[in-house]
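**Q** Below you'll find the structure I mean.
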Amino acid sequence: MEYKIKEATGKLGILMPGLGAVATTLIAGVASINKGLSLPIGSVSQMSRIRLGKRTEDRNPLIKDFVPLAGLQDIVFGGWDLYADNVFEAASKAKVLEAHQLEAVREDLEKIVPMKAVFNRDFVKNLDGDHVKTQTTHRELIEALREDIKTFKAENNLDRVVIVWCGSTEKYIDAEDIFTELPKLEQALDNNDDRIPPSMLYCYAAILEGVPYVNGAPNLTCDAPAIVELALENNVAIAGKDFKTGQTLMKTIVAPGLQARALGVEGWFSTNILGNRDGLVLDDPDNFKTKEVSKLSVLEEILDANKNPELYGDLYHKVRINYYPPHGDNKESWDNIDIFGWMGYKMQIKINFLCRDSILAAPVVLDLALFIDLAQRAEMHGVQEWLSFYLKSPQTAPGLPAEHDIFKQLMKLQNTLRHIKGEDLITHLGLDYYQELIESIQ
């Protein structure tokens, strides 16, 4: 079947809670691309092709030409932040991009000024910005956010809006009873329950405004059952959580290869140094625990000890993140992987990944925003698991284990795009080619 997808007419607003290193790098990059100064490297939606039909048909259009996505010229950026700096000032302080790159798009960036953020220091102890909303109750804050969304949409003459969380990792919270059902969450909001994180208030406000929401951090936000219920009631697409960028990206590439070749893994030690605002936030143990849970789950799902105890039953997995200001946004990760092969022979793999965290994250945010907008226009409401390609802890249906193998995730993404456009799904079986050959020579 082919979905009836509304065309991507008019302008698309992308609102981001947290106009820090990731968000400002994205905004500067899109401005640069629109001026013809750079290319959208790393953006699958813009640079990758998708195969349609049989290999012999040679139909391989760019994804952006296959499905109706918003054009980069039609995007308007905005957001919230607890610091009042405009995007040019924030990007300059983040020190991700070179000065000449920012100067080339300075006028575009200076126009974007953050709205006051919803902030609760109990959830992020290491930040202390004062550009925050003064409303005191959850209900008042939600209404203030809804007004922000409406005003942003009206002032920029937008056709549609999506929200992608680019803010900090909040402290770890359990999926307590108040998050299990919508009536319980509603009561907790009325009671101004202090267990509800700011990120969930943004998500709640977005859904009430009919705005798709993507959670780019490991916070408990749209993966709470109550929020899923709210999204389905309001016919809104949601996805989460936690952008898959540096070390975890490498794990989802390497681990599936080891698993595919039935090689054993007895140890995987991962450590990082990072000096940007994200690193500062994660220097607090409560916030690090949220990230740790997200990063640990990836490997345990791919290298499943229950299914292959002989290969992964004794796997020891350790993750460390260390705040190191001199490196700024230059994240450096080290992985030591202890593997074993035929006759138990022990071997090692060492990975030293020196990357720019925001350079890897920016195209991920762009793709998620464009694809969640596509999902909304295709009336694909609720959890969008097909976007797990971009996420560390993919949100799934209740009781359904997440798929972390990046190659299977890519197949899921591509087949979803084929499905909504009425194209045949690709299985890569390929036997039909050889059957046709046999029949032709008989």
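Starting from 1 in every chain, residues are counted up; chains themselves are A, B, ... following the order of the structure tokens, and ligands are numbered from 1 as listed.
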Show which residues sit within 9 Å of Phe66 (chain A), as a count of residues only. Count only C-alpha atoms, and ignore same-chain residues fewer than 6 positions away.
**A** 5
**Q** Neighbouring residues of Asp357 (chain A) were defined as those with any atom within 9 Å, considering only C-alpha atoms; residues of the same chain fewer than 4 positions away were excluded. Please report them as a PyMOL selection string.
**A** chain A and resi 21-22+96+245-246+274+329-331+361-362
**Q** Skip Trp334 (chain A) itself and residues of its chain fewer than 5 positions away, then list as a list of chain:residue names all residues within 7 Å of it, counting only C-alpha atoms.
**A**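 Listed by chain and then number, they are A:Ser270, A:Thr271, A:Asn272, A:Ile351, A:Asn352, A:Phe353.
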**Q** Using only C-alpha atoms, which protein or nucleic acid residues come within 8 Å of region 390-406 of chain A? Drop anything in the same chain fewer than 2 positions from it, and give the result as number ranges by chain.
**A** A: 216, 218, 223, 239-244, 248, 252-253, 255-256, 294-295, 297-298, 301-302, 364, 368, 383-385, 387-388, 408-410
**Q** Just the residues within 8 Å of Asp283 (chain A), please, counting only C-alpha atoms, with nothing from its chain fewer than 6 positions along; format it as an mmCIF file with all heavy atoms, in the first residue's frame.
**A**
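The result, written out as result04.cif:
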data_model
loop_
_atom_site.group_PDB
_atom_site.id
_atom_site.type_symbol
_atom_site.label_atom_id
_atom_site.label_comp_id
_atom_site.auth_asym_id
_atom_site.auth_seq_id
_atom_site.Cartn_x
_atom_site.Cartn_y
_atom_site.Cartn_z
ATOM 1 N N ASN A 126 24.880 20.874 37.417
ATOM 2 C CA ASN A 126 26.097 21.582 37.035
ATOM 3 C C ASN A 126 25.885 22.769 36.104
ATOM 4 O O ASN A 126 26.851 23.371 35.638
ATOM 5 C CB ASN A 126 27.092 20.608 36.406
ATOM 6 C CG ASN A 126 27.742 19.697 37.437
ATOM 7 O OD1 ASN A 126 27.543 19.876 38.635
ATOM 8 N ND2 ASN A 126 28.513 18.723 36.986
ATOM 9 N N ILE A 321 32.893 8.185 31.331
ATOM 10 C CA ILE A 321 32.934 9.484 30.669
ATOM 11 C C ILE A 321 33.609 10.460 31.633
ATOM 12 O O ILE A 321 33.202 10.582 32.795
ATOM 13 C CB ILE A 321 31.526 10.003 30.314
ATOM 14 C CG1 ILE A 321 30.831 9.050 29.337
ATOM 15 C CG2 ILE A 321 31.614 11.405 29.703
ATOM 16 C CD1 ILE A 321 29.405 9.440 28.993
ATOM 17 N N ASN A 322 34.635 11.132 31.177
ATOM 18 C CA ASN A 322 35.389 12.047 32.025
ATOM 19 C C ASN A 322 35.345 13.463 31.456
ATOM 20 O O ASN A 322 35.606 13.678 30.261
ATOM 21 C CB ASN A 322 36.848 11.588 32.131
ATOM 22 C CG ASN A 322 36.961 10.194 32.721
ATOM 23 O OD1 ASN A 322 36.751 9.989 33.908
ATOM 24 N ND2 ASN A 322 37.286 9.220 31.877
ATOM 25 N N TYR A 323 35.002 14.416 32.307
ATOM 26 C CA TYR A 323 34.966 15.819 31.899
ATOM 27 C C TYR A 323 36.388 16.350 31.841
ATOM 28 O O TYR A 323 37.139 16.294 32.820
ATOM 29 C CB TYR A 323 34.136 16.618 32.903
ATOM 30 C CG TYR A 323 34.042 18.093 32.600
ATOM 31 C CD1 TYR A 323 33.675 18.550 31.337
ATOM 32 C CD2 TYR A 323 34.310 19.042 33.594
ATOM 33 C CE1 TYR A 323 33.571 19.897 31.067
ATOM 34 C CE2 TYR A 323 34.211 20.401 33.333
ATOM 35 C CZ TYR A 323 33.846 20.822 32.064
ATOM 36 O OH TYR A 323 33.748 22.165 31.802
#
**Q** Measuring atom to atom with only C-alpha atoms, identify which of A:Val365, A:Leu315, A:Ala31, A:Leu296 is nearest to Ser45 (chain A).
**A** A:Val365
**Q** Out of region 33-251 of chain A, which residues get helix (DSSP H, G or I) from DSSP, as a ChimeraX atom specification?
**A** /A:33-34,44-47,55-57,63-66,72-74,87-94,99-103,106-110,138-155,177-179,182-190,198-208,225-233,247-251
**Q** What would the file look like if the residues just selected were written as a PDB file, in the first residue's frame with C-alpha atoms?
**A**
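Result went into out01.pdb, see below:
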ATOM      1  CA  ILE A  33      24.586  24.836   2.877  1.00  0.00           C
ATOM      2  CA  ASN A  34      21.848  27.219   1.788  1.00  0.00           C
ATOM      3  CA  VAL A  44      21.416  10.371   5.196  1.00  0.00           C
ATOM      4  CA  SER A  45      18.258  12.195   4.152  1.00  0.00           C
ATOM      5  CA  GLN A  46      20.252  14.563   1.939  1.00  0.00           C
ATOM      6  CA  MET A  47      23.279  12.577   0.726  1.00  0.00           C
ATOM      7  CA  ARG A  55      19.323  -4.438  -8.762  1.00  0.00           C
ATOM      8  CA  THR A  56      18.996  -4.825 -12.518  1.00  0.00           C
ATOM      9  CA  GLU A  57      16.536  -1.900 -12.663  1.00  0.00           C
ATOM     10  CA  ILE A  63      16.239   9.784  -0.437  1.00  0.00           C
ATOM     11  CA  LYS A  64      15.322  13.474  -0.506  1.00  0.00           C
ATOM     12  CA  ASP A  65      14.102  12.993  -4.099  1.00  0.00           C
ATOM     13  CA  PHE A  66      12.195   9.794  -3.292  1.00  0.00           C
ATOM     14  CA  LEU A  72      16.612  23.037   3.645  1.00  0.00           C
ATOM     15  CA  GLN A  73      15.687  26.469   2.282  1.00  0.00           C
ATOM     16  CA  ASP A  74      12.252  26.092   3.888  1.00  0.00           C
ATOM     17  CA  VAL A  87      22.973  31.549  18.139  1.00  0.00           C
ATOM     18  CA  PHE A  88      26.079  33.294  16.799  1.00  0.00           C
ATOM     19  CA  GLU A  89      27.290  34.045  20.332  1.00  0.00           C
ATOM     20  CA  ALA A  90      26.454  30.523  21.532  1.00  0.00           C
ATOM     21  CA  ALA A  91      28.189  28.922  18.544  1.00  0.00           C
ATOM     22  CA  SER A  92      31.274  31.098  19.082  1.00  0.00           C
ATOM     23  CA  LYS A  93      31.479  29.990  22.717  1.00  0.00           C
ATOM     24  CA  ALA A  94      30.953  26.334  21.803  1.00  0.00           C
ATOM     25  CA  ALA A  99      35.625  31.585  13.149  1.00  0.00           C
ATOM     26  CA  HIS A 100      35.523  32.109   9.372  1.00  0.00           C
ATOM     27  CA  GLN A 101      32.739  29.535   9.043  1.00  0.00           C
ATOM     28  CA  LEU A 102      30.620  31.386  11.588  1.00  0.00           C
ATOM     29  CA  GLU A 103      31.396  34.806  10.112  1.00  0.00           C
ATOM     30  CA  ARG A 106      26.789  35.525  11.108  1.00  0.00           C
ATOM     31  CA  GLU A 107      23.765  37.545  10.016  1.00  0.00           C
ATOM     32  CA  ASP A 108      21.583  34.412   9.880  1.00  0.00           C
ATOM     33  CA  LEU A 109      22.714  33.247  13.309  1.00  0.00           C
ATOM     34  CA  GLU A 110      22.396  36.543  15.140  1.00  0.00           C
ATOM     35  CA  HIS A 138       3.900  22.439  35.849  1.00  0.00           C
ATOM     36  CA  ARG A 139       0.598  23.517  34.316  1.00  0.00           C
ATOM     37  CA  GLU A 140       1.716  27.147  34.043  1.00  0.00           C
ATOM     38  CA  LEU A 141       4.993  26.118  32.437  1.00  0.00           C
ATOM     39  CA  ILE A 142       3.230  23.863  29.931  1.00  0.00           C
ATOM     40  CA  GLU A 143       0.918  26.713  28.944  1.00  0.00           C
ATOM     41  CA  ALA A 144       3.911  29.043  28.574  1.00  0.00           C
ATOM     42  CA  LEU A 145       5.598  26.531  26.255  1.00  0.00           C
ATOM     43  CA  ARG A 146       2.435  26.137  24.213  1.00  0.00           C
ATOM     44  CA  GLU A 147       2.290  29.908  23.781  1.00  0.00           C
ATOM     45  CA  ASP A 148       5.937  29.904  22.675  1.00  0.00           C
ATOM     46  CA  ILE A 149       5.154  27.300  20.000  1.00  0.00           C
ATOM     47  CA  LYS A 150       2.095  29.200  18.757  1.00  0.00           C
ATOM     48  CA  THR A 151       3.963  32.516  18.667  1.00  0.00           C
ATOM     49  CA  PHE A 152       6.957  31.008  16.856  1.00  0.00           C
ATOM     50  CA  LYS A 153       4.673  29.443  14.266  1.00  0.00           C
ATOM     51  CA  ALA A 154       2.661  32.619  13.704  1.00  0.00           C
ATOM     52  CA  GLU A 155       5.587  35.064  13.604  1.00  0.00           C
ATOM     53  CA  ASP A 177       3.970   4.762  38.833  1.00  0.00           C
ATOM     54  CA  ILE A 178       3.033   8.342  37.898  1.00  0.00           C
ATOM     55  CA  PHE A 179       4.429   7.773  34.393  1.00  0.00           C
ATOM     56  CA  LEU A 182      -2.061   9.189  31.421  1.00  0.00           C
ATOM     57  CA  PRO A 183      -4.584   9.853  34.247  1.00  0.00           C
ATOM     58  CA  LYS A 184      -1.807   9.334  36.801  1.00  0.00           C
ATOM     59  CA  LEU A 185       0.491  11.730  34.947  1.00  0.00           C
ATOM     60  CA  GLU A 186      -2.305  14.305  34.679  1.00  0.00           C
ATOM     61  CA  GLN A 187      -2.846  14.090  38.440  1.00  0.00           C
ATOM     62  CA  ALA A 188       0.890  14.416  39.057  1.00  0.00           C
ATOM     63  CA  LEU A 189       0.994  17.532  36.868  1.00  0.00           C
ATOM     64  CA  ASP A 190      -1.917  19.013  38.814  1.00  0.00           C
ATOM     65  CA  PRO A 198      11.505  19.620  32.472  1.00  0.00           C
ATOM     66  CA  SER A 199      11.994  17.590  29.276  1.00  0.00           C
ATOM     67  CA  MET A 200       8.633  15.908  29.829  1.00  0.00           C
ATOM     68  CA  LEU A 201       6.928  19.304  30.131  1.00  0.00           C
ATOM     69  CA  TYR A 202       8.311  20.268  26.702  1.00  0.00           C
ATOM     70  CA  CYS A 203       7.110  16.973  25.257  1.00  0.00           C
ATOM     71  CA  TYR A 204       3.664  17.275  26.847  1.00  0.00           C
ATOM     72  CA  ALA A 205       3.242  20.821  25.510  1.00  0.00           C
ATOM     73  CA  ALA A 206       4.377  19.768  22.017  1.00  0.00           C
ATOM     74  CA  ILE A 207       1.895  16.903  21.831  1.00  0.00           C
ATOM     75  CA  LEU A 208      -0.998  19.116  22.932  1.00  0.00           C
ATOM     76  CA  PRO A 225       3.751   4.963  28.742  1.00  0.00           C
ATOM     77  CA  ALA A 226       1.614   7.948  29.767  1.00  0.00           C
ATOM     78  CA  ILE A 227       3.247  10.140  27.109  1.00  0.00           C
ATOM     79  CA  VAL A 228       2.834   7.438  24.452  1.00  0.00           C
ATOM     80  CA  GLU A 229      -0.852   7.319  25.355  1.00  0.00           C
ATOM     81  CA  LEU A 230      -1.095  11.096  25.052  1.00  0.00           C
ATOM     82  CA  ALA A 231       0.637  11.036  21.640  1.00  0.00           C
ATOM     83  CA  LEU A 232      -1.756   8.421  20.298  1.00  0.00           C
ATOM     84  CA  GLU A 233      -4.778  10.306  21.613  1.00  0.00           C
ATOM     85  CA  GLN A 247      31.565   5.804  20.757  1.00  0.00           C
ATOM     86  CA  THR A 248      28.136   4.181  20.636  1.00  0.00           C
ATOM     87  CA  LEU A 249      28.013   4.646  16.854  1.00  0.00           C
ATOM     88  CA  MET A 250      31.256   2.673  16.631  1.00  0.00           C
ATOM     89  CA  LYS A 251      29.846  -0.052  18.898  1.00  0.00           C
TER      90      LYS A 251
END
**Q** Find the distance between CA of Asn120 (chain A) and CA of Gly382 (chain A) and write it in Å to one decimal.
**A** 27.4 Å
**Q** Would you work out the distance separating CA of Asn219 (chain A) from CA of Arg195 (chain A), expressed in Å to one decimal?
**A** 12.5 Å
**Q** Write out as a VMD selection string all residues of region 56-100 of chain A that backbone DSSP assigns to strand (DSSP E or B).
**A** chain A and resid 59 62 75 to 81
**Q** Of the candidates A:Ile196, A:Val319, A:Ala175, A:Pro212, which shows the shortest atom-to-atom distance to Ala224 (chain A), using only C-alpha atoms?
**A**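 Of all the options, A:Ala175 lies closest to Ala224 (chain A).
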**Q** In terms of the shortest atom-to-atom distance over only C-alpha atoms, which of A:Ile273, A:Val162, A:Leu299, A:Leu425 is closest to Cys355 (chain A)?
**A**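 So, comparing all the options, the nearest one is A:Ile273.
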**Q** Would you work out the distance separating CA of Val113 (chain A) from CA of Asp85 (chain A), expressed in Å to one decimal?
**A** 6.9 Å
**Q** Select from region 248-299 of chain A every residue with an atom at most 10 Å from any atom of region 340-347 of chain A, then for each give the shortest pair of atoms and their distance in Å to one decimal, using only C-alpha atoms, rows by chain and rising number, as JSON lines.
**A**
{"residue": "A:Arg261", "atom": "CA", "partner": "A:Gly341", "partner_atom": "CA", "distance": 9.6}
{"residue": "A:Ala262", "atom": "CA", "partner": "A:Gly341", "partner_atom": "CA", "distance": 8.3}
{"residue": "A:Leu263", "atom": "CA", "partner": "A:Gly341", "partner_atom": "CA", "distance": 5.5}
{"residue": "A:Gly264", "atom": "CA", "partner": "A:Phe340", "partner_atom": "CA", "distance": 5.0}
{"residue": "A:Val265", "atom": "CA", "partner": "A:Phe340", "partner_atom": "CA", "distance": 6.3}
{"residue": "A:Glu266", "atom": "CA", "partner": "A:Phe340", "partner_atom": "CA", "distance": 7.6}
**Q** Excluding region 2-6 of chain A and its own-chain neighbours fewer than 6 positions away, which residues fall within 6 Å of it when counting only C-alpha atoms? Please give them as a list in words.
**A**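 Here the qualifying residues turn out to be Arg377, Ala378, Ile420, Lys421 and Gly422 of chain A.
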**Q** Next, write the just-selected residues to a file, as a PDB file, in the first residue's frame, keeping N, CA, C and O atoms as the atom set.
**A**
ATOM      1  N   ARG A 377       3.118  13.838   8.493  1.00  0.00           N
ATOM      2  CA  ARG A 377       2.338  14.098   7.277  1.00  0.00           C
ATOM      3  C   ARG A 377       1.780  12.810   6.680  1.00  0.00           C
ATOM      4  O   ARG A 377       0.792  12.844   5.939  1.00  0.00           O
ATOM      5  N   ALA A 378       2.415  11.671   6.988  1.00  0.00           N
ATOM      6  CA  ALA A 378       1.925  10.377   6.517  1.00  0.00           C
ATOM      7  C   ALA A 378       0.949   9.753   7.516  1.00  0.00           C
ATOM      8  O   ALA A 378       0.527   8.607   7.321  1.00  0.00           O
ATOM      9  N   ILE A 420       5.953   3.247   2.689  1.00  0.00           N
ATOM     10  CA  ILE A 420       4.993   4.356   2.642  1.00  0.00           C
ATOM     11  C   ILE A 420       4.836   4.918   1.238  1.00  0.00           C
ATOM     12  O   ILE A 420       3.862   5.620   0.944  1.00  0.00           O
ATOM     13  N   LYS A 421       5.768   4.592   0.349  1.00  0.00           N
ATOM     14  CA  LYS A 421       5.677   5.033  -1.046  1.00  0.00           C
ATOM     15  C   LYS A 421       5.171   3.930  -1.977  1.00  0.00           C
ATOM     16  O   LYS A 421       5.118   4.113  -3.195  1.00  0.00           O
ATOM     17  N   GLY A 422       4.798   2.777  -1.409  1.00  0.00           N
ATOM     18  CA  GLY A 422       4.225   1.713  -2.218  1.00  0.00           C
ATOM     19  C   GLY A 422       5.215   0.927  -3.042  1.00  0.00           C
ATOM     20  O   GLY A 422       4.832   0.245  -3.998  1.00  0.00           O
TER      21      GLY A 422
END
**Q** Contacts of region 79-84 of chain A at 8 Å or less, counting only C-alpha atoms, minus same-chain residues fewer than 3 places along, as a PDB file with N, CA, C and O atoms, in the first residue's frame?
**A**
ATOM      1  N   ILE A  14      11.819  24.150  13.073  1.00  0.00           N
ATOM      2  CA  ILE A  14      12.488  23.177  13.934  1.00  0.00           C
ATOM      3  C   ILE A  14      12.854  23.884  15.231  1.00  0.00           C
ATOM      4  O   ILE A  14      13.732  24.750  15.252  1.00  0.00           O
ATOM      5  N   LEU A  15      12.151  23.531  16.290  1.00  0.00           N
ATOM      6  CA  LEU A  15      12.407  24.098  17.608  1.00  0.00           C
ATOM      7  C   LEU A  15      13.246  23.124  18.420  1.00  0.00           C
ATOM      8  O   LEU A  15      12.973  21.925  18.430  1.00  0.00           O
ATOM      9  N   MET A  16      14.243  23.655  19.099  1.00  0.00           N
ATOM     10  CA  MET A  16      15.131  22.801  19.881  1.00  0.00           C
ATOM     11  C   MET A  16      15.293  23.332  21.300  1.00  0.00           C
ATOM     12  O   MET A  16      15.807  24.437  21.485  1.00  0.00           O
ATOM     13  N   PRO A  17      14.857  22.579  22.290  1.00  0.00           N
ATOM     14  CA  PRO A  17      15.223  22.924  23.662  1.00  0.00           C
ATOM     15  C   PRO A  17      16.715  22.661  23.842  1.00  0.00           C
ATOM     16  O   PRO A  17      17.182  21.532  23.660  1.00  0.00           O
ATOM     17  N   GLY A  18      17.470  23.718  24.140  1.00  0.00           N
ATOM     18  CA  GLY A  18      18.911  23.590  24.248  1.00  0.00           C
ATOM     19  C   GLY A  18      19.615  24.070  22.999  1.00  0.00           C
ATOM     20  O   GLY A  18      19.885  23.286  22.087  1.00  0.00           O
ATOM     21  N   LEU A  19      19.912  25.387  22.943  1.00  0.00           N
ATOM     22  CA  LEU A  19      20.637  25.938  21.787  1.00  0.00           C
ATOM     23  C   LEU A  19      22.120  26.008  22.117  1.00  0.00           C
ATOM     24  O   LEU A  19      22.738  27.076  22.134  1.00  0.00           O
ATOM     25  N   GLY A  20      22.689  24.842  22.388  1.00  0.00           N
ATOM     26  CA  GLY A  20      24.103  24.728  22.700  1.00  0.00           C
ATOM     27  C   GLY A  20      24.910  24.297  21.500  1.00  0.00           C
ATOM     28  O   GLY A  20      24.597  24.636  20.358  1.00  0.00           O
ATOM     29  N   VAL A 113      17.336  34.169  18.548  1.00  0.00           N
ATOM     30  CA  VAL A 113      17.519  34.408  19.983  1.00  0.00           C
ATOM     31  C   VAL A 113      16.670  33.399  20.750  1.00  0.00           C
ATOM     32  O   VAL A 113      15.492  33.210  20.432  1.00  0.00           O
ATOM     33  N   PRO A 114      17.239  32.739  21.751  1.00  0.00           N
ATOM     34  CA  PRO A 114      16.466  31.703  22.450  1.00  0.00           C
ATOM     35  C   PRO A 114      15.325  32.276  23.280  1.00  0.00           C
ATOM     36  O   PRO A 114      15.419  33.371  23.826  1.00  0.00           O
ATOM     37  N   MET A 115      14.257  31.506  23.361  1.00  0.00           N
ATOM     38  CA  MET A 115      13.189  31.804  24.312  1.00  0.00           C
ATOM     39  C   MET A 115      13.638  31.314  25.690  1.00  0.00           C
ATOM     40  O   MET A 115      14.522  30.462  25.803  1.00  0.00           O
ATOM     41  N   LYS A 116      13.037  31.843  26.715  1.00  0.00           N
ATOM     42  CA  LYS A 116      13.405  31.433  28.072  1.00  0.00           C
ATOM     43  C   LYS A 116      13.055  29.965  28.286  1.00  0.00           C
ATOM     44  O   LYS A 116      12.003  29.494  27.884  1.00  0.00           O
ATOM     45  N   ALA A 117      13.961  29.261  28.940  1.00  0.00           N
ATOM     46  CA  ALA A 117      13.834  27.818  29.102  1.00  0.00           C
ATOM     47  C   ALA A 117      13.041  27.440  30.344  1.00  0.00           C
ATOM     48  O   ALA A 117      12.931  28.221  31.298  1.00  0.00           O
ATOM     49  N   VAL A 118      12.502  26.242  30.305  1.00  0.00           N
ATOM     50  CA  VAL A 118      11.985  25.609  31.518  1.00  0.00           C
ATOM     51  C   VAL A 118      13.163  24.869  32.127  1.00  0.00           C
ATOM     52  O   VAL A 118      13.762  23.996  31.474  1.00  0.00           O
ATOM     53  N   PHE A 119      13.514  25.210  33.346  1.00  0.00           N
ATOM     54  CA  PHE A 119      14.735  24.654  33.942  1.00  0.00           C
ATOM     55  C   PHE A 119      14.511  24.361  35.413  1.00  0.00           C
ATOM     56  O   PHE A 119      13.918  25.153  36.144  1.00  0.00           O
ATOM     57  N   ASP A 128      23.812  26.601  35.562  1.00  0.00           N
ATOM     58  CA  ASP A 128      23.227  27.640  36.424  1.00  0.00           C
ATOM     59  C   ASP A 128      22.761  28.869  35.643  1.00  0.00           C
ATOM     60  O   ASP A 128      22.788  29.987  36.142  1.00  0.00           O
ATOM     61  N   GLY A 129      22.308  28.685  34.405  1.00  0.00           N
ATOM     62  CA  GLY A 129      21.833  29.824  33.624  1.00  0.00           C
ATOM     63  C   GLY A 129      20.595  30.458  34.236  1.00  0.00           C
ATOM     64  O   GLY A 129      19.843  29.817  34.988  1.00  0.00           O
ATOM     65  N   ASP A 130      20.384  31.733  33.902  1.00  0.00           N
ATOM     66  CA  ASP A 130      19.253  32.460  34.499  1.00  0.00           C
ATOM     67  C   ASP A 130      18.221  32.917  33.474  1.00  0.00           C
ATOM     68  O   ASP A 130      17.308  33.668  33.798  1.00  0.00           O
ATOM     69  N   HIS A 131      18.352  32.440  32.219  1.00  0.00           N
ATOM     70  CA  HIS A 131      17.392  32.804  31.181  1.00  0.00           C
ATOM     71  C   HIS A 131      16.258  31.772  31.213  1.00  0.00           C
ATOM     72  O   HIS A 131      16.097  30.953  30.306  1.00  0.00           O
ATOM     73  N   VAL A 132      15.495  31.823  32.293  1.00  0.00           N
ATOM     74  CA  VAL A 132      14.510  30.771  32.550  1.00  0.00           C
ATOM     75  C   VAL A 132      13.137  31.376  32.818  1.00  0.00           C
ATOM     76  O   VAL A 132      13.004  32.541  33.211  1.00  0.00           O
TER      77      VAL A 132
END
